[in-house]
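Colleague: Let me give you the structure first, and then I'll get to my questions.
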Protein chains: 2
Amino acid sequence: MTAYWAGDPADVSINAICALATVSKPALYREFGGEDGLMRAVLDRYVDQVLSEIFDILSRGLTLDGTLAALIQFASVDARMDAGCVFFKMRAGKHRLGPMTRDRVDSIDAAAVAAFEVYLTASRAGGEWTGDQPAPVIARYLVEQLGLALTQRAAGEDPAQVQSTLALALSVVPRA
Amino acid sequence: MTAYWAGDPADVSINAICALATVSKPALYREFGGEDGLMRAVLDRYVDQVLSEIFDILSRGLTLDGTLAALIQFASVDARMDAGCVFFKMRAGKHRLGPMTRDRVDSIDAAAVAAFEVYLTASRAGGEWTGDQPAPVIARYLVEQLGLALTQRAAGEDPAQVQSTLALALSVVPRA
DNA sequence: ATAATTAAATACCAGTAGGTACGAAAATTG
DNA sequence: CAATTTTCGTACCTACTGGTATTTAATTAT
């Protein structure tokens with residue numbers, strides 16, 4: 001996970017991973033079946049350990065404004081995201097992934113959009129979100145903007161600049 | 001250019017290009033010096049033939065609203081951008097490029113932001129743009145949003161969905 | 001027509017990718 | 001302790017990468 005996170009997952013070879021982990025190549029294949037299985041396992045672990053923070057933010061019961069502020073903070077300033085996000089890195093190079101990893105990426109993507117949709121619907125019911133746009137559109141929009149911010153961070157862009165871009169993008173969500 | 005455009009530039013090998021162009025490998029090396037030289041040449045040609053459309057839109061003397069609408073149309077619906085954009089594809093995988101191509105990518109990126117900045121400054125002087133944000137911030141924002149839209153199209157997303165995302169993103173620009 | 005020169009393609013190089021056959025070591029069982 | 005089974009790593013495989021040495025073909029000069 002560390003190796004995939006630090007750079008581009010597609011640029012990290014099985015050989016390099018074995019060397020980093022001081023594990024023999026057949027041992028790795030016995031454990032994960034191949035590159036596809038390894039990446040899928042890494043992605044699952046990453047979602048569990050890191051990306052869950054995003055789902056967590058949505059379930060804190062914050063105001064809409066507070067939720068968006070927390071998302072902006074996490075994606076563009078938090079040190080944990082200095083090297084970007086394993087999920088969005090994999091999604092950006094989806095065509096290079098094996099079938100299992102690709103399926104996982106798709107289902108995580110769908111789950112993220114769905115989580116935002118649920119949040120937005122509740123937010124609208126509570127009168128906090130006054131938008132006339134359909135919730136699915138805004139949910140998809142938010143995921144894409146988070147992805148853009150995390151991609152920019154992975155590219156080494158200045159966090160302050162990433163933050164200003166993301167804050168601007170999320171300012172289209174009308175708060176009550 | 002066709003090969004780089006159709007997929008991911010980093011996934012197209014010199015061998016494949018030679019086969020497609022029915023050109024021997026030494027001939028290609030005599031002409032371009034190597035992969036880096038070829039990519040730089042392709043990028044230059046692409047900017048000249050395709051990406052110039054964006055700079056052209058900015059110099060048509062349209063209203064701010066009309067300009068943004070034209071940009072949205074071009075990036076998210078125009079059939080020429082069905083496979084995405086060679087420039088943004090290369091920029092997304094910048095770490096994989098040779099030094100010459102990478103320098104070109106950087107300078108084209110800077111030129112694009114500068115062009116938007118000039119446009120916005122003029123637009124503000126004309127009273128069409130009423131934003132209080134600094135022009136450089138909005139210029140950078142617009143380039144990133146165009147890049148996001150073109151990346152989504154390269155990934156095969158539904159143009160209508162790309163359009164709705166981009167239109168939403170550009171709606172933060174305050175029109176008089 | 002033949003010799004000298006220029007052009008271009010075939011065939012090859014080292015390096016690395018993902019993946020595995022097979023022999024050695026270690027643990028388990030009788 | 002001996003025999004068997006299971007675990008594990010060295011060494012190797014094929015495919016493909018960017019790049020080039022060497023040979024073949026075309027051209028020019030005599």
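Here, A, B, ... name the chains of the structure tokens in the order displayed, residue numbers run from 1 inside each chain, and ligands are numbered from 1 in the same displayed order.
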Extract, using only C-alpha atoms (C1' of nucleotides), all DNA, RNA and protein residues at most 12 Å from C:DA3, discarding same-chain residues fewer than 5 positions from it, and format them as a list in words.

Modeller: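 The residues that qualify are DT28, DA29 and DT30 of chain D.
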
Colleague: Wanna dump the chain A-chain B contacts at 8 Å for me, each residue with its shortest atom pair and the distance in Å to one decimal, counting only C-alpha atoms, ordered by chain and number, as JSON lines?

Modeller:
```
{"residue": "A:Val137", "atom": "CA", "partner": "B:Thr165", "partner_atom": "CA", "distance": 7.6}
{"residue": "A:Tyr141", "atom": "CA", "partner": "B:Thr165", "partner_atom": "CA", "distance": 5.8}
{"residue": "A:Leu148", "atom": "CA", "partner": "B:Leu148", "partner_atom": "CA", "distance": 7.1}
{"residue": "A:Ser164", "atom": "CA", "partner": "B:Val137", "partner_atom": "CA", "distance": 7.8}
{"residue": "A:Thr165", "atom": "CA", "partner": "B:Tyr141", "partner_atom": "CA", "distance": 5.8}
{"residue": "A:Leu168", "atom": "CA", "partner": "B:Val172", "partner_atom": "CA", "distance": 7.1}
{"residue": "A:Ala169", "atom": "CA", "partner": "B:Ala169", "partner_atom": "CA", "distance": 5.8}
{"residue": "A:Ser171", "atom": "CA", "partner": "B:Val172", "partner_atom": "CA", "distance": 7.1}
{"residue": "A:Val172", "atom": "CA", "partner": "B:Val172", "partner_atom": "CA", "distance": 6.0}
```

Colleague: Residues of stretch 14-165 of chain B in alpha helix (DSSP H) according to DSSP, as number ranges by chain?

Modeller: B: 14-21, 25-32, 35-46, 52-58, 64-76, 86-92, 99-125, 135-154, 159-165

Colleague: Report as a list in words the set of chain B residues whose atoms approach chain D to within 10 Å, with distances computed over only C-alpha atoms (C1' of nucleotides).

Modeller: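 Residues satisfying the distance criterion: Ser13, Ile14, Asn15, Lys25, Pro26, Tyr29, Gly34 and Glu35 of chain B.
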
Colleague: Kindly save the residues from that selection, with C-alpha atoms included, as a PDB file, in the first residue's frame.

Modeller:
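Dumped to selection.pdb:
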```pdb
ATOM      1  CA  SER B  13       4.934   1.706 -27.642  1.00  0.00           C
ATOM      2  CA  ILE B  14       7.347   2.844 -30.294  1.00  0.00           C
ATOM      3  CA  ASN B  15       6.952  -0.573 -31.884  1.00  0.00           C
ATOM      4  CA  LYS B  25      12.044   1.890 -36.191  1.00  0.00           C
ATOM      5  CA  PRO B  26      15.399   3.346 -37.259  1.00  0.00           C
ATOM      6  CA  TYR B  29      14.600   7.457 -34.649  1.00  0.00           C
ATOM      7  CA  GLY B  34      13.619   8.995 -29.749  1.00  0.00           C
ATOM      8  CA  GLU B  35      10.361   8.631 -27.890  1.00  0.00           C
TER       9      GLU B  35
END
```

Colleague: At most 12 Å is the cut-off: for each residue in chain C with any atom that close to an atom of chain B, write down the nearest atom pair and the distance in Å rounded to one decimal, counting only C-alpha atoms (C1' of nucleotides), chain first then increasing number, as a Markdown table.

Modeller:
```
| residue | atom | partner | partner_atom | distance |
| --- | --- | --- | --- | --- |
| C:DA7 | C1' | B:Ala27 | CA | 10.3 |
| C:DA8 | C1' | B:Ala27 | CA | 7.2 |
| C:DA9 | C1' | B:Ser24 | CA | 6.6 |
| C:DT10 | C1' | B:Ser24 | CA | 9.6 |
| C:DA11 | C1' | B:Lys25 | CA | 11.9 |
```
